[in-house]
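A.B. asks: The following file, query_22.txt, comprises compact mmCIF, C-alpha atoms and all ligand atoms:
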```
# COMPACT_ATOMS: atom_id res chain seq x y z
CA MET A 62 30.80 31.55 -27.56
CA ILE A 63 28.85 31.94 -24.29
CA LEU A 64 29.08 29.39 -21.44
CA VAL A 65 25.93 28.79 -19.38
CA THR A 66 26.38 27.05 -16.02
CA GLY A 67 23.43 25.54 -14.13
CA ALA A 68 22.09 24.56 -17.55
CA THR A 69 19.77 21.91 -16.11
CA GLY A 70 18.34 24.38 -13.56
CA ARG A 71 15.25 26.60 -13.71
CA VAL A 72 17.04 29.73 -14.92
CA GLY A 73 20.08 28.30 -16.73
CA ARG A 74 18.05 25.99 -18.91
CA GLU A 75 15.91 28.90 -20.12
CA VAL A 76 19.05 30.98 -20.74
CA VAL A 77 20.40 28.18 -22.97
CA ARG A 78 17.11 27.99 -24.85
CA LEU A 79 16.98 31.76 -25.45
CA LEU A 80 20.66 32.02 -26.42
CA ALA A 81 20.50 29.06 -28.80
CA ASP A 82 18.39 31.18 -31.16
CA ARG A 83 21.04 33.91 -31.24
CA GLY A 84 24.46 32.27 -31.59
CA PRO A 85 26.93 29.70 -30.30
CA VAL A 86 26.31 28.53 -26.73
CA ARG A 87 27.93 25.91 -24.52
CA ALA A 88 25.97 24.36 -21.63
CA LEU A 89 27.87 23.22 -18.52
CA VAL A 90 26.14 20.23 -16.93
CA ARG A 91 26.98 17.58 -14.35
CA SER A 92 24.81 15.07 -16.16
CA PRO A 93 24.20 15.13 -19.95
CA GLU A 94 21.46 12.53 -19.33
CA ARG A 95 19.59 14.99 -17.09
CA LEU A 96 19.89 17.68 -19.77
CA ALA A 97 18.61 15.29 -22.44
CA ALA A 98 15.69 14.24 -20.22
CA LEU A 99 14.54 17.87 -20.10
CA GLY A 100 13.91 17.77 -23.85
CA PRO A 101 15.57 19.50 -26.81
CA CYS A 102 17.38 22.71 -25.81
CA GLY A 103 18.19 24.07 -29.26
CA ALA A 104 20.17 23.03 -32.29
CA GLY A 105 23.89 23.56 -32.07
CA VAL A 106 24.13 23.76 -28.27
CA GLU A 107 27.51 22.34 -27.20
CA VAL A 108 27.53 20.34 -23.96
CA ALA A 109 30.46 20.42 -21.52
CA VAL A 110 30.47 18.09 -18.53
CA GLY A 111 31.87 19.56 -15.31
CA ARG A 112 31.38 20.54 -11.70
CA TYR A 113 32.86 23.23 -9.46
CA GLU A 114 34.52 20.66 -7.15
CA GLN A 115 36.67 19.62 -10.14
CA PRO A 116 38.27 22.90 -11.35
CA GLU A 117 39.98 21.15 -14.26
CA THR A 118 36.54 20.40 -15.73
CA ILE A 119 35.61 24.09 -15.40
CA ALA A 120 38.89 25.09 -17.10
CA ALA A 121 38.10 22.76 -20.00
CA ALA A 122 34.54 24.10 -20.30
CA LEU A 123 35.85 27.69 -20.40
CA ARG A 124 38.19 27.16 -23.38
CA GLY A 125 37.34 29.73 -26.07
CA ILE A 126 34.68 31.40 -23.90
CA ARG A 127 34.42 35.22 -23.67
CA ARG A 128 31.14 35.57 -21.73
CA ALA A 129 29.61 33.32 -19.07
CA PHE A 130 26.44 32.94 -17.01
CA LEU A 131 27.26 31.80 -13.49
CA VAL A 132 24.83 29.88 -11.25
CA THR A 133 25.97 28.48 -7.90
CA THR A 134 23.75 26.99 -5.21
CA ASP A 135 25.86 25.63 -2.34
CA PRO A 136 26.35 28.12 0.52
CA PHE A 137 29.07 25.94 2.05
CA ARG A 138 31.51 25.98 -0.89
CA PRO A 139 33.46 28.77 -2.65
CA ASP A 140 32.16 27.73 -6.09
CA ASP A 141 32.03 31.31 -7.40
CA GLU A 142 35.66 31.91 -6.47
CA VAL A 143 36.72 28.63 -8.16
CA PHE A 144 34.84 29.55 -11.33
CA LEU A 145 36.18 33.11 -11.41
CA GLY A 146 39.79 31.94 -11.00
CA GLU A 147 39.42 29.63 -13.98
CA ALA A 148 37.55 32.32 -15.96
CA ARG A 149 40.41 34.80 -15.50
CA ARG A 150 42.96 32.22 -16.63
CA ALA A 151 40.81 31.39 -19.68
CA GLY A 152 40.59 35.04 -20.81
CA VAL A 153 36.85 35.45 -20.14
CA GLU A 154 35.79 39.11 -20.43
CA HIS A 155 32.34 39.27 -18.80
CA VAL A 156 30.54 37.15 -16.18
CA VAL A 157 26.81 37.52 -15.47
CA LYS A 158 26.13 36.11 -12.00
CA LEU A 159 22.78 34.93 -10.70
CA SER A 160 22.68 36.38 -7.18
CA ALA A 161 19.72 37.43 -5.00
CA LEU A 162 18.14 40.75 -4.07
CA ALA A 163 18.86 40.13 -0.39
CA ALA A 164 22.59 40.36 -1.16
CA ALA A 165 22.06 44.11 -1.60
CA GLU A 166 20.06 44.46 1.62
CA GLU A 167 22.26 45.09 4.66
CA ASP A 168 19.72 43.74 7.15
CA ALA A 169 19.75 40.32 5.41
CA GLN A 170 22.40 38.52 7.46
CA ASP A 171 21.34 34.89 6.98
CA LEU A 172 23.90 32.36 5.71
CA ILE A 173 22.64 32.31 2.10
CA SER A 174 22.52 36.11 1.73
CA ARG A 175 25.98 36.49 3.26
CA ARG A 176 27.40 33.88 0.85
CA GLN A 177 25.83 35.62 -2.15
CA ARG A 178 27.22 38.97 -0.92
CA ALA A 179 30.74 37.52 -0.62
CA ALA A 180 30.44 35.91 -4.07
CA GLU A 181 29.25 39.22 -5.57
CA GLN A 182 32.28 40.94 -4.05
CA ALA A 183 34.58 38.27 -5.51
CA LEU A 184 33.18 38.98 -8.98
CA ARG A 185 33.27 42.78 -8.63
CA THR A 186 36.94 42.66 -7.61
CA SER A 187 37.95 39.93 -10.10
CA GLY A 188 39.07 42.27 -12.86
CA LEU A 189 36.45 40.72 -15.14
CA GLY A 190 33.46 42.62 -16.50
CA TRP A 191 30.48 41.85 -14.24
CA THR A 192 26.71 41.93 -14.09
CA LEU A 193 24.83 40.98 -10.95
CA LEU A 194 21.29 39.70 -11.40
CA ARG A 195 19.47 40.12 -8.09
CA PRO A 196 16.02 38.52 -8.26
CA ARG A 197 13.39 38.39 -5.53
CA ALA A 198 11.94 34.90 -4.77
CA PHE A 199 10.94 32.86 -7.81
CA MET A 200 7.26 32.23 -8.62
CA SER A 201 8.30 28.63 -9.20
CA ASN A 202 8.83 28.17 -5.44
CA SER A 203 5.03 27.68 -5.38
CA LEU A 204 5.63 24.29 -7.04
CA ALA A 205 6.46 23.12 -3.49
CA TRP A 206 2.69 23.34 -2.87
CA ALA A 207 1.77 21.10 -5.81
CA ASP A 208 1.56 17.78 -3.93
CA ASP A 209 -0.66 19.28 -1.20
CA ILE A 210 -2.88 21.05 -3.72
CA ARG A 211 -3.37 17.83 -5.69
CA SER A 212 -3.91 15.60 -2.66
CA THR A 213 -5.69 17.78 -0.05
CA GLY A 214 -6.55 21.08 -1.75
CA VAL A 215 -4.93 22.95 1.16
CA VAL A 216 -1.76 25.07 0.96
CA SER A 217 0.27 25.38 4.16
CA ALA A 218 2.81 28.19 4.35
CA LEU A 219 4.65 30.45 6.76
CA HIS A 220 3.79 34.19 7.09
CA GLY A 221 0.81 33.71 4.78
CA ASP A 222 -0.27 37.36 4.56
CA ALA A 223 3.18 38.87 3.99
CA PRO A 224 3.67 40.13 0.41
CA ALA A 225 6.66 39.48 -1.86
CA ALA A 226 7.28 40.79 -5.39
CA VAL A 227 7.93 37.28 -6.75
CA ILE A 228 9.41 36.92 -10.26
CA ASP A 229 8.97 34.36 -13.03
CA PRO A 230 12.35 32.60 -13.44
CA ARG A 231 11.87 32.90 -17.22
CA ASP A 232 12.15 36.67 -16.74
CA VAL A 233 15.38 36.21 -14.79
CA ALA A 234 16.62 34.28 -17.85
CA GLU A 235 15.47 37.10 -20.18
CA ALA A 236 17.45 39.58 -18.08
CA ALA A 237 20.47 37.25 -18.18
CA VAL A 238 20.37 37.05 -21.97
CA HIS A 239 20.19 40.84 -22.27
CA ALA A 240 23.08 41.20 -19.83
CA LEU A 241 25.16 38.65 -21.75
CA THR A 242 24.56 40.32 -25.10
CA GLN A 243 24.47 44.08 -24.35
CA ALA A 244 27.64 46.04 -23.56
CA ARG A 245 25.65 48.57 -21.49
CA CYS A 246 24.97 45.89 -18.86
CA VAL A 247 28.67 45.52 -17.94
CA ASP A 248 29.58 46.53 -14.37
CA THR A 249 25.93 46.81 -13.36
CA ALA A 250 23.63 45.26 -10.76
CA LEU A 251 19.97 44.64 -11.65
CA ALA A 252 17.21 44.35 -9.03
CA LEU A 253 14.66 41.95 -10.56
CA THR A 254 11.07 41.56 -9.37
CA GLY A 255 7.70 40.65 -10.75
CA PRO A 256 5.04 43.31 -11.44
CA GLU A 257 3.19 43.07 -8.09
CA ALA A 258 3.68 41.93 -4.50
CA LEU A 259 1.54 38.95 -3.53
CA SER A 260 1.25 37.02 -0.28
CA ALA A 261 1.17 33.21 -0.16
CA ARG A 262 -2.55 33.40 0.59
CA GLU A 263 -3.13 35.60 -2.48
CA ARG A 264 -1.08 33.27 -4.72
CA THR A 265 -3.17 30.37 -3.42
CA ALA A 266 -6.35 32.26 -4.35
CA ARG A 267 -4.98 32.95 -7.86
CA LEU A 268 -4.22 29.24 -8.30
CA ALA A 269 -7.72 28.34 -7.10
CA GLY A 270 -9.24 30.70 -9.67
CA LEU A 271 -7.22 29.16 -12.50
CA LEU A 272 -7.94 25.59 -11.34
CA GLY A 273 -11.65 26.38 -11.02
CA ARG A 274 -11.93 24.84 -7.56
CA PRO A 275 -11.58 26.21 -4.00
CA LEU A 276 -8.26 25.80 -2.19
CA GLY A 277 -7.77 26.10 1.56
CA PHE A 278 -4.91 27.99 3.19
CA ARG A 279 -3.34 27.13 6.53
CA GLU A 280 -0.77 29.37 8.21
CA LEU A 281 2.20 27.35 9.49
CA THR A 282 3.89 28.14 12.79
CA VAL A 283 7.67 28.60 12.57
CA GLU A 284 8.15 25.20 14.22
CA GLU A 285 5.83 23.50 11.71
CA ALA A 286 7.72 25.18 8.87
CA ARG A 287 11.04 24.06 10.37
CA ALA A 288 9.78 20.46 10.65
CA GLY A 289 9.03 20.46 6.91
CA LEU A 290 12.28 22.14 5.86
CA VAL A 291 14.57 19.79 7.84
CA LEU A 292 13.37 16.95 5.63
CA ARG A 293 14.90 18.73 2.60
CA TYR A 294 17.82 20.89 3.78
CA PRO A 295 20.77 20.82 6.21
CA PRO A 296 20.09 22.57 9.57
CA GLN A 297 22.13 25.71 8.75
CA VAL A 298 20.17 26.18 5.51
CA VAL A 299 16.88 25.71 7.37
CA ASP A 300 17.96 28.43 9.84
CA ALA A 301 18.89 30.71 6.92
CA LEU A 302 15.54 30.20 5.16
CA LEU A 303 13.56 30.88 8.37
CA GLU A 304 15.70 33.93 9.16
CA SER A 305 15.17 35.26 5.65
CA ALA A 306 11.41 34.67 5.88
CA VAL A 307 11.18 36.96 8.93
CA ARG A 308 12.02 39.87 6.60
CA LEU A 309 8.73 39.23 4.78
CA LEU A 310 6.81 40.39 7.84
CA ASP A 311 7.62 44.08 7.68
CA GLY A 312 7.23 44.29 3.89
CA ARG A 313 10.96 44.18 3.12
CA LYS A 314 10.35 41.98 0.07
CA ALA A 315 7.33 43.80 -1.35
CA ALA A 316 8.93 46.57 -3.45
CA VAL A 317 8.46 46.33 -7.23
CA GLU A 318 11.67 47.34 -9.03
CA PRO A 319 11.95 48.92 -12.52
CA ASP A 320 15.22 47.28 -13.67
CA PHE A 321 13.71 44.37 -15.62
CA THR A 322 11.75 46.61 -17.98
CA ALA A 323 14.52 49.22 -18.15
CA THR A 324 16.98 46.53 -19.27
CA THR A 325 14.88 44.31 -21.51
CA GLY A 326 12.10 46.64 -22.71
CA LEU A 327 9.65 43.88 -21.66
CA LEU A 328 6.97 43.80 -18.97
CA PRO A 329 7.62 41.18 -16.27
CA ARG A 330 5.20 38.23 -16.34
CA CYS A 331 2.52 38.32 -13.63
CA PHE A 332 1.86 35.38 -11.30
CA ASP A 333 -1.26 34.36 -13.21
CA VAL A 334 0.76 33.84 -16.39
CA TRP A 335 3.36 31.73 -14.57
CA ALA A 336 0.60 29.74 -12.86
CA ALA A 337 -1.39 29.18 -16.07
CA ASP A 338 1.76 27.89 -17.78
CA HIS A 339 2.40 25.43 -14.90
CA LEU A 340 -1.20 24.53 -14.06
CA SER A 341 -0.80 20.84 -14.89
CA ALA A 342 1.55 20.50 -11.89
CA PHE A 343 -1.31 21.54 -9.58
CA ALA A 344 -4.22 19.80 -11.29
CA ALA A 345 -5.62 16.67 -9.61
CA VAL A 346 -4.94 13.50 -11.59
CA ALA A 347 -8.26 12.36 -13.10
N1 LIG B 401 14.60 30.14 -5.79
C1 LIG B 401 14.51 31.43 -5.48
O1 LIG B 401 13.45 31.91 -5.04
C2 LIG B 401 15.71 32.34 -5.71
C3 LIG B 401 15.56 33.71 -5.50
C4 LIG B 401 16.65 34.56 -5.69
C5 LIG B 401 17.88 34.02 -6.08
N2 LIG B 401 17.99 32.67 -6.27
C6 LIG B 401 19.31 32.13 -6.65
O2 LIG B 401 19.17 31.39 -7.85
C7 LIG B 401 20.19 30.37 -7.85
C8 LIG B 401 19.53 29.04 -8.21
O3 LIG B 401 19.06 29.12 -9.54
P1 LIG B 401 18.09 28.01 -10.14
O4 LIG B 401 16.83 27.99 -9.34
O5 LIG B 401 18.04 28.19 -11.60
O6 LIG B 401 18.92 26.70 -9.76
P2 LIG B 401 18.41 25.20 -9.74
O7 LIG B 401 17.17 25.03 -10.54
O8 LIG B 401 18.43 24.75 -8.31
O9 LIG B 401 19.59 24.49 -10.52
C9 LIG B 401 20.91 24.49 -10.04
C10 LIG B 401 21.83 24.16 -11.19
O10 LIG B 401 23.18 24.15 -10.73
C11 LIG B 401 23.76 22.89 -11.07
N3 LIG B 401 24.74 22.51 -10.05
C12 LIG B 401 24.48 22.19 -8.76
N4 LIG B 401 25.63 21.88 -8.14
C13 LIG B 401 26.62 21.99 -9.05
C14 LIG B 401 28.03 21.77 -9.00
N5 LIG B 401 28.63 21.39 -7.87
N6 LIG B 401 28.75 21.99 -10.13
C15 LIG B 401 28.14 22.37 -11.27
N7 LIG B 401 26.81 22.60 -11.38
C16 LIG B 401 26.06 22.40 -10.28
C17 LIG B 401 22.58 21.93 -11.11
O11 LIG B 401 22.91 20.76 -11.84
P3 LIG B 401 22.15 19.37 -11.59
O12 LIG B 401 20.91 19.41 -12.48
O13 LIG B 401 23.13 18.35 -12.02
O14 LIG B 401 21.78 19.30 -10.12
C18 LIG B 401 21.54 22.79 -11.81
O15 LIG B 401 21.76 22.87 -13.18
C19 LIG B 401 20.83 30.37 -6.46
O16 LIG B 401 22.05 31.07 -6.52
C20 LIG B 401 19.82 31.14 -5.61
O17 LIG B 401 20.44 31.80 -4.51
C21 LIG B 401 16.94 31.82 -6.10
```
Hey, can you dump this file as structure tokens for me?
C.D. replies:
Amino acid sequence: MILVTGATGRVGREVVRLLADRGPVRALVRSPERLAALGPCGAGVEVAVGRYEQPETIAAALRGIRRAFLVTTDPFRPDDEVFLGEARRAGVEHVVKLSALAAAEEDAQDLISRRQRAAEQALRTSGLGWTLLRPRAFMSNSLAWADDIRSTGVVSALHGDAPAAVIDPRDVAEAAVHALTQARCVDTALALTGPEALSARERTARLAGLLGRPLGFRELTVEEARAGLVLRYPPQVVDALLESAVRLLDGRKAAVEPDFTATTGLLPRCFDVWAADHLSAFAAVA
């Protein structure tokens, strides 16, 4: 039995869907209603309700589990350490952790990268088998542009000409499933990127082509970007996101890595495929 945390999230939900075809899987969720609202996730998926702030719920979800997919999102809490403590007690053998490529890059010293690096270290020294999935930014981050594209036809973004080798989160899930089911992925870190580096301006142009209408692009100043981010995130997270974005400027996020294909035998999806599959989010309501 495999436990999937973050099962209502972008990557975890897809991991549940892919694993459900292969064998027994248990989905950890805070809200079964939210999981149900996302639609059917596969016959025979067990649901466990829990959250990292309540370790006893994690302990209960881990009963009978040998392998687990770990997603954490809060840079202010030691959720990885809580989960790993319970996993050791439960006799789990292998944890596949969703981390980030910046965790492996020494010059990334923002809050989020430092937390991921500490959490990676906790897993590597836990005594459990480990796999670190280190993706570059998700293609799905472009969904943040959907409202503006629908209402004004203009995308506004920071560092608009700086390229990043963005990845489809469904490919992160594919890599997770391979890591959870193949012994050769134990005690390994995988650098996961898409097949090409694209700037925000280039992604906007690809979306325009698929939508069949022109889209404008406006470069945000750092202060304009900050003003938008503070509406959604705490100040320390805003600082971390802006600090991380600076690394786009000298091409530090542009490298295309081979690990996805080497591990899965698949080609990573290109941005156009992700965008075509999510086009309805960007299309103007008739
Ligand atoms: N986005 C990117 O570009 C990017 C790039 C590289 C790495 N990453 C990493 O990817 C991870 C995020 O993955 P994602 O996008 O799949 O996540 P997501 O869509 O934001 O979903 C987060 C999941 O975690 C669950 N969750 C949140 N707080 C929880 C808690 N206290 N206890 C138990 N479950 C909790 C959420 O449940 P609810 O549905 O109940 O909220 C949800 O299922 C982060 O570690 C991030 O650093 C992201």
A.B. asks: Select, from A:Ile119, A:Leu309, A:Leu219, A:Ala183, the residue with the minimum atom-to-atom distance to ligand LIG 401 (chain B), counting all atoms listed in the file.
C.D. replies: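 Among A:Ile119, A:Leu309, A:Leu219, A:Ala183, it is A:Ile119 that comes nearest to ligand LIG 401 (chain B).
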A.B. asks: Check every protein, DNA and RNA residue against ligand LIG 401 (chain B), keep those with an atom at most 6 Å away (counting only C-alpha atoms and all ligand atoms), and present them as an MDAnalysis selection string.
C.D. replies: chainID A and resid 67:73 91:92 112:114 132:134 159:161 196:199 202
A.B. asks: With C-alpha atoms retained, write the just-selected residues as an mmCIF file, in the frame of the given file.
C.D. replies:
```cif
data_model
loop_
_atom_site.group_PDB
_atom_site.id
_atom_site.type_symbol
_atom_site.label_atom_id
_atom_site.label_comp_id
_atom_site.auth_asym_id
_atom_site.auth_seq_id
_atom_site.Cartn_x
_atom_site.Cartn_y
_atom_site.Cartn_z
ATOM 1 C CA GLY A 67 23.430 25.540 -14.130
ATOM 2 C CA ALA A 68 22.090 24.560 -17.550
ATOM 3 C CA THR A 69 19.770 21.910 -16.110
ATOM 4 C CA GLY A 70 18.340 24.380 -13.560
ATOM 5 C CA ARG A 71 15.250 26.600 -13.710
ATOM 6 C CA VAL A 72 17.040 29.730 -14.920
ATOM 7 C CA GLY A 73 20.080 28.300 -16.730
ATOM 8 C CA ARG A 91 26.980 17.580 -14.350
ATOM 9 C CA SER A 92 24.810 15.070 -16.160
ATOM 10 C CA ARG A 112 31.380 20.540 -11.700
ATOM 11 C CA TYR A 113 32.860 23.230 -9.460
ATOM 12 C CA GLU A 114 34.520 20.660 -7.150
ATOM 13 C CA VAL A 132 24.830 29.880 -11.250
ATOM 14 C CA THR A 133 25.970 28.480 -7.900
ATOM 15 C CA THR A 134 23.750 26.990 -5.210
ATOM 16 C CA LEU A 159 22.780 34.930 -10.700
ATOM 17 C CA SER A 160 22.680 36.380 -7.180
ATOM 18 C CA ALA A 161 19.720 37.430 -5.000
ATOM 19 C CA PRO A 196 16.020 38.520 -8.260
ATOM 20 C CA ARG A 197 13.390 38.390 -5.530
ATOM 21 C CA ALA A 198 11.940 34.900 -4.770
ATOM 22 C CA PHE A 199 10.940 32.860 -7.810
ATOM 23 C CA ASN A 202 8.830 28.170 -5.440
#
```
A.B. asks: I'd like the contact shell of Pro139 of chain A - 9 Å cut-off, only C-alpha atoms, skipping same-chain residues fewer than 4 positions apart - returned as a ChimeraX atom specification.
C.D. replies: /A:113,135,143-144,176,180
A.B. asks: At a cut-off of 9 Å around the point (8.3, 46.9, -7.0) (file coordinates), what residues fall inside when counting all atoms listed in the file? I'd like the answer as a compact mmCIF listing (two decimals) with C-alpha atoms, in the frame of the given file.
C.D. replies:
```
# COMPACT_ATOMS: atom_id res chain seq x y z
CA ALA A 226 7.28 40.79 -5.39
CA LEU A 253 14.66 41.95 -10.56
CA THR A 254 11.07 41.56 -9.37
CA GLY A 255 7.70 40.65 -10.75
CA PRO A 256 5.04 43.31 -11.44
CA GLU A 257 3.19 43.07 -8.09
CA ALA A 258 3.68 41.93 -4.50
CA LYS A 314 10.35 41.98 0.07
CA ALA A 315 7.33 43.80 -1.35
CA ALA A 316 8.93 46.57 -3.45
CA VAL A 317 8.46 46.33 -7.23
CA GLU A 318 11.67 47.34 -9.03
CA PRO A 319 11.95 48.92 -12.52
```
A.B. asks: Residues at most 9 Å from segment 189-192 of chain A, counting all atoms listed in the file, excluding those fewer than 2 positions away in the same chain, as number ranges by chain?
C.D. replies: A: 145, 148-149, 153-159, 184-187, 194, 237, 240-241, 246-251
A.B. asks: Enter the distance from atom CA of Ala288 of chain A to atom CA of Val215 of chain A, in Å, rounded to one decimal.
C.D. replies: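 Spanning atom CA of Ala288 of chain A to atom CA of Val215 of chain A is a straight-line distance of 17.7 Å.
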A.B. asks: Between atom CA of Asp209 of chain A and atom CA of Glu285 of chain A, measure the distance and give it in Å to one decimal.
C.D. replies: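 Atom CA of Glu285 of chain A lies at a distance of 15.1 Å from atom CA of Asp209 of chain A.
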A.B. asks: Find, counting all atoms listed in the file, the residue in A:Gly105, A:Gly146, A:Gly188, A:Pro275 that gets nearest to Val216 of chain A.
C.D. replies: A:Pro275
A.B. asks: What is the atom CA of Leu327 of chain A-atom CA of Asp229 of chain A distance in Å, reported with one decimal?
C.D. replies: 12.9 Å
